[in-house]
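K.L.:
I'm passing along data.csv; it holds CSV, C-alpha atoms.
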chain,number,residue,atom,x,y,z
A,1,MET,CA,-31.9,19.3,-78.3
A,2,ILE,CA,-32.6,21.1,-75.1
A,3,TYR,CA,-34.7,18.2,-74.0
A,4,ILE,CA,-31.7,15.8,-74.5
A,5,ARG,CA,-29.4,18.0,-72.6
A,6,HIS,CA,-31.9,18.2,-69.8
A,7,LEU,CA,-32.1,14.4,-69.7
A,8,GLU,CA,-28.3,14.1,-69.8
A,9,PHE,CA,-28.1,16.5,-66.9
A,10,LYS,CA,-30.7,14.5,-64.9
A,11,PHE,CA,-28.8,11.3,-65.7
A,12,ARG,CA,-25.5,12.8,-64.4
A,13,LEU,CA,-27.3,14.2,-61.4
A,14,VAL,CA,-28.8,10.8,-60.6
A,15,LYS,CA,-25.4,9.1,-61.0
A,16,ALA,CA,-23.8,11.6,-58.7
A,17,MET,CA,-26.5,11.2,-56.1
A,18,GLN,CA,-26.1,7.4,-56.3
A,19,LYS,CA,-22.3,7.8,-55.6
A,20,VAL,CA,-23.0,10.2,-52.7
A,21,PHE,CA,-25.6,7.8,-51.4
A,22,VAL,CA,-23.2,4.8,-51.6
A,23,PHE,CA,-20.5,6.9,-50.0
A,24,LEU,CA,-22.8,7.9,-47.1
A,25,LEU,CA,-24.0,4.3,-46.7
A,26,ILE,CA,-20.4,3.1,-46.4
A,27,ILE,CA,-19.6,5.8,-43.8
A,28,CYS,CA,-22.7,5.0,-41.8
A,29,ALA,CA,-21.9,1.2,-41.9
A,30,THR,CA,-18.3,1.6,-40.8
A,31,SER,CA,-18.9,4.3,-38.2
A,32,CYS,CA,-21.3,2.3,-36.1
A,33,ASP,CA,-18.3,1.0,-34.1
A,34,TYR,CA,-17.5,4.6,-32.9
A,35,PHE,CA,-20.9,4.9,-31.3
A,36,ASN,CA,-21.0,1.6,-29.5
A,37,ALA,CA,-20.2,2.0,-25.8
A,38,LYS,CA,-17.4,-0.3,-24.8
A,39,LYS,CA,-18.3,-2.4,-21.8
A,40,ILE,CA,-15.4,-2.8,-19.3
A,41,SER,CA,-15.7,-5.6,-16.8
A,42,SER,CA,-15.1,-5.0,-13.1
A,43,GLU,CA,-12.2,-7.5,-13.4
A,44,ASP,CA,-10.5,-5.4,-16.0
A,45,ILE,CA,-10.9,-2.3,-13.8
A,46,TYR,CA,-9.5,-4.2,-10.8
A,47,ASN,CA,-6.5,-5.5,-12.8
A,48,GLU,CA,-5.8,-2.0,-14.2
A,49,GLU,CA,-5.9,-0.5,-10.7
A,50,GLN,CA,-3.6,-3.2,-9.3
A,51,LYS,CA,-1.0,-2.1,-11.8
A,52,THR,CA,-1.0,1.5,-10.6
A,53,PHE,CA,-1.5,0.8,-6.9
A,54,ASN,CA,1.4,1.5,-4.6
A,55,TRP,CA,1.4,-1.4,-2.1
A,56,ASN,CA,4.4,0.0,-0.2
A,57,ALA,CA,2.7,3.0,1.2
A,58,VAL,CA,-0.3,3.3,3.6
A,59,ASP,CA,-2.7,6.2,4.2
A,60,THR,CA,-2.3,5.9,7.9
A,61,TYR,CA,0.5,4.1,9.9
A,62,PRO,CA,-0.3,1.9,12.9
A,63,THR,CA,-0.8,4.0,16.0
A,64,PHE,CA,-1.4,4.0,19.7
A,65,SER,CA,-4.2,6.2,21.2
A,66,THR,CA,-1.5,8.5,22.6
A,67,CYS,CA,-0.5,9.4,19.1
A,68,ASP,CA,-4.0,10.7,18.1
A,69,THR,CA,-3.0,14.3,18.9
A,70,PHE,CA,-0.6,14.4,16.0
A,71,GLU,CA,-1.8,15.6,12.7
A,72,THR,CA,0.5,14.5,9.9
A,73,LYS,CA,1.3,11.0,8.8
A,74,THR,CA,5.0,11.4,9.5
A,75,GLU,CA,4.4,12.7,13.1
A,76,LYS,CA,2.1,9.7,13.8
A,77,LYS,CA,4.6,7.3,12.5
A,78,THR,CA,7.4,8.8,14.6
A,79,CYS,CA,5.1,8.7,17.6
A,80,PHE,CA,4.3,5.1,17.0
A,81,GLU,CA,8.0,4.1,16.7
A,82,ASN,CA,9.0,6.2,19.7
A,83,THR,CA,6.3,4.8,21.9
A,84,LEU,CA,7.1,1.3,20.9
A,85,SER,CA,10.9,1.8,21.4
A,86,GLN,CA,10.4,3.5,24.8
A,87,HIS,CA,8.1,0.7,26.0
A,88,ILE,CA,10.5,-2.0,25.1
A,89,THR,CA,13.5,-0.1,26.6
A,90,SER,CA,11.7,0.6,29.8
A,91,ARG,CA,10.7,-3.0,30.2
A,92,LEU,CA,14.2,-4.2,29.6
A,93,GLN,CA,15.6,-1.7,32.1
A,94,ASN,CA,13.3,-3.2,34.7
A,95,GLU,CA,14.9,-6.6,34.2
A,96,THR,CA,17.9,-7.7,36.2
A,97,ILE,CA,20.5,-8.6,33.7
A,98,ILE,CA,23.9,-10.0,34.7
A,99,VAL,CA,26.7,-10.2,32.2
A,100,SER,CA,30.3,-11.2,32.3
A,101,GLN,CA,31.4,-8.5,29.8
A,102,ASP,CA,30.0,-5.2,28.8
A,103,ILE,CA,27.4,-5.3,26.0
A,104,GLU,CA,26.8,-2.5,23.5
A,105,ASP,CA,24.6,-3.6,20.6
A,106,THR,CA,21.9,-2.3,18.4
A,107,LEU,CA,19.5,-5.1,17.7
A,108,VAL,CA,17.0,-4.9,14.9
A,109,LEU,CA,13.5,-6.0,15.7
A,110,GLU,CA,11.5,-7.0,12.6
A,111,PHE,CA,7.8,-7.2,13.4
A,112,GLN,CA,4.4,-7.2,11.8
A,113,ILE,CA,1.2,-5.4,12.8
A,114,SER,CA,-1.9,-7.4,11.5
A,115,GLU,CA,-5.2,-6.0,10.2
A,116,LEU,CA,-6.5,-6.5,13.8
A,117,GLY,CA,-3.7,-4.5,15.4
A,118,GLU,CA,-1.9,-7.6,16.7
A,119,ILE,CA,1.9,-7.5,16.8
A,120,ALA,CA,4.0,-10.5,15.8
A,121,ILE,CA,7.8,-10.7,15.8
A,122,LYS,CA,9.3,-11.9,12.5
A,123,ASN,CA,12.9,-11.7,13.5
A,124,ILE,CA,15.3,-10.3,16.0
A,125,ASP,CA,18.8,-9.6,14.6
A,126,LEU,CA,21.5,-9.2,17.2
A,127,LYS,CA,25.1,-9.9,17.7
A,128,GLU,CA,26.1,-13.4,18.8
A,129,THR,CA,27.9,-12.0,22.0
A,130,THR,CA,24.6,-10.3,23.0
A,131,GLU,CA,22.7,-13.6,22.6
A,132,THR,CA,25.4,-15.5,24.5
A,133,GLU,CA,25.5,-13.0,27.4
A,134,ILE,CA,21.8,-12.5,27.6
A,135,PRO,CA,20.3,-15.8,26.4
A,136,ASN,CA,16.7,-14.8,27.2
A,137,ILE,CA,16.8,-11.4,25.5
A,138,LYS,CA,14.4,-12.5,22.8
A,139,ASN,CA,11.9,-13.7,25.4
A,140,MET,CA,12.2,-10.4,27.3
A,141,ILE,CA,11.4,-8.4,24.1
A,142,SER,CA,8.5,-10.7,23.3
A,143,GLU,CA,7.1,-10.3,26.8
A,144,SER,CA,7.5,-6.5,26.6
A,145,LEU,CA,5.5,-6.5,23.3
A,146,ASN,CA,2.7,-8.5,25.0
A,147,THR,CA,2.2,-5.7,27.5
A,148,LEU,CA,1.8,-2.9,24.9
A,149,PRO,CA,-1.3,-0.8,24.9
A,150,GLN,CA,-3.8,-1.4,22.1
A,151,ILE,CA,-2.4,-0.9,18.6
A,152,PHE,CA,-4.7,0.5,15.9
A,153,PRO,CA,-3.7,-1.0,12.5
A,154,ALA,CA,-2.5,0.8,9.4
A,155,ILE,CA,-5.1,2.0,7.0
A,156,LYS,CA,-5.0,1.8,3.2
A,157,ARG,CA,-8.0,3.1,1.3
A,158,ASN,CA,-10.2,3.0,4.4
A,159,GLN,CA,-9.3,-0.7,5.0
A,160,PRO,CA,-7.1,-2.0,7.9
A,161,VAL,CA,-4.0,-3.6,6.4
A,162,LYS,CA,-1.0,-5.6,7.5
A,163,THR,CA,2.3,-3.7,7.9
A,164,GLU,CA,5.9,-4.7,8.6
A,165,PHE,CA,8.5,-2.6,10.4
A,166,ARG,CA,12.2,-2.7,11.3
A,167,LEU,CA,12.9,-1.1,14.6
A,168,PRO,CA,16.5,-0.6,16.0
A,169,ILE,CA,16.9,-1.0,19.7
A,170,VAL,CA,20.1,0.0,21.6
A,171,ILE,CA,21.2,-2.5,24.2
A,172,ALA,CA,23.9,-1.3,26.7
A,173,VAL,CA,24.6,-3.4,29.8
A,174,ASN,CA,27.6,-2.8,32.0
Can you present the structure in this file as structure tokens?
P.N.:
Amino acid sequence: MIYIRHLEFKFRLVKAMQKVFVFLLIICATSCDYFNAKKISSEDIYNEEQKTFNWNAVDTYPTFSTCDTFETKTEKKTCFENTLSQHITSRLQNETIIVSQDIEDTLVLEFQISELGEIAIKNIDLKETTETEIPNIKNMISESLNTLPQIFPAIKRNQPVKTEFRLPIVIAVN
């Protein structure tokens, strides 16, 4: 009788071990996916980065060599805009402009700085009376931009990039 109980115990033990073995086999077979390294293509990384990338901000604004002494991004931007505005204003003040009525206008110069630091006018928004009284005002502004000192382009992630600006310029002729 003891022998039969002993055999019964072994039989139950073998059955239990078989169940544990099958259970472990299933776990091992299904868990292989957790150990596989998922390969991510460079295109997927690029596309993901494009979604999170802020294209409206640059690391460094365009600048002139005279603005190199400034430390912060804001100071350099202000220096760039002031230098540009002062250059255009001084060039226009050197011109002889004759008008039949007083002109007080704030024109808006829209321009682009290329990756090479070249400036290109996109648009000059001004009042119709200003354009009637000073028909060559756009040419004067364009010529003043041609005499600018070297412009260093904006930088985004250590690469020169194209930037666009809107610069107000006050025109007052008596």
K.L.:
Find the residue from A:Gln101, A:Thr52, A:Asn158, A:Thr66 that sits nearest to A:Asn82; use all atoms listed in the file when measuring.
P.N.:
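So, comparing all the options, the nearest one is A:Thr66.
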K.L.:
Give me, please, the distance in Å between atom CA of A:Glu110 and atom CA of A:Thr72, quoted to one decimal.
P.N.:
24.3 Å
K.L.:
Enter the distance from atom CA of A:Asn174 to atom CA of A:His87, in Å, rounded to one decimal.
P.N.:
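Spanning atom CA of A:Asn174 to atom CA of A:His87 is a straight-line distance of 20.7 Å.
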K.L.:
Wanna dump the stretch 33-129 of chain A-stretch 145-156 of chain A contacts at 10 Å for me, each residue with its shortest atom pair and the distance in Å to one decimal, counting all atoms listed in the file, ordered by chain and number, as a Markdown table?
P.N.:
| residue | atom | partner | partner_atom | distance |
| --- | --- | --- | --- | --- |
| A:Trp55 | CA | A:Lys156 | CA | 8.9 |
| A:Ala57 | CA | A:Lys156 | CA | 8.0 |
| A:Val58 | CA | A:Lys156 | CA | 4.9 |
| A:Asp59 | CA | A:Lys156 | CA | 5.1 |
| A:Thr60 | CA | A:Ile155 | CA | 4.9 |
| A:Tyr61 | CA | A:Ala154 | CA | 4.5 |
| A:Pro62 | CA | A:Ala154 | CA | 4.3 |
| A:Thr63 | CA | A:Phe152 | CA | 5.2 |
| A:Phe64 | CA | A:Ile151 | CA | 5.1 |
| A:Ser65 | CA | A:Gln150 | CA | 7.7 |
| A:Thr66 | CA | A:Pro149 | CA | 9.6 |
| A:Phe80 | CA | A:Ile151 | CA | 9.1 |
| A:Thr83 | CA | A:Leu148 | CA | 9.4 |
| A:Leu84 | CA | A:Leu148 | CA | 7.9 |
| A:His87 | CA | A:Leu148 | CA | 7.3 |
| A:Ile88 | CA | A:Leu145 | CA | 7.0 |
| A:Arg91 | CA | A:Thr147 | CA | 9.3 |
| A:Ile113 | CA | A:Pro153 | CA | 6.6 |
| A:Ser114 | CA | A:Pro153 | CA | 6.7 |
| A:Glu115 | CA | A:Pro153 | CA | 5.7 |
| A:Leu116 | CA | A:Pro153 | CA | 6.3 |
| A:Gly117 | CA | A:Pro153 | CA | 4.5 |
| A:Glu118 | CA | A:Ile151 | CA | 7.0 |
| A:Ile119 | CA | A:Leu145 | CA | 7.5 |
| A:Ala120 | CA | A:Leu145 | CA | 8.6 |
| A:Ile121 | CA | A:Leu145 | CA | 8.9 |
K.L.:
Using all atoms listed in the file, which residues sit within 9 Å of A:Glu133 once same-chain residues fewer than 4 positions away are excluded, as a ChimeraX atom specification?
P.N.:
/A:98-101,103,128-129
K.L.:
Report the distance between atom CA of A:Thr106 and atom CA of A:Thr163 in Å, rounded to one decimal place.
P.N.:
22.3 Å
K.L.:
When distances are computed from only C-alpha atoms, which of A:Ile169, A:Glu75, A:Glu164, A:Leu25 shows the smallest separation from A:Asp105?
P.N.:
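Ranking A:Ile169, A:Glu75, A:Glu164, A:Leu25 by distance to A:Asp105, first place goes to A:Ile169.
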K.L.:
Write out as number ranges by chain each polymer residue whose atoms come within 9 Å of A:Ile124, counting all atoms listed in the file; drop sequence neighbours fewer than 6 positions from it.
P.N.:
A: 107-111, 138
K.L.:
Rank A:Glu104, A:Glu71, A:Glu95, A:Glu8 by their smallest atom-to-atom distance to A:Asn139, using all atoms listed in the file, and report the top residue only.
P.N.:
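Counting all atoms listed in the file, the residue closest to A:Asn139 is A:Glu95.
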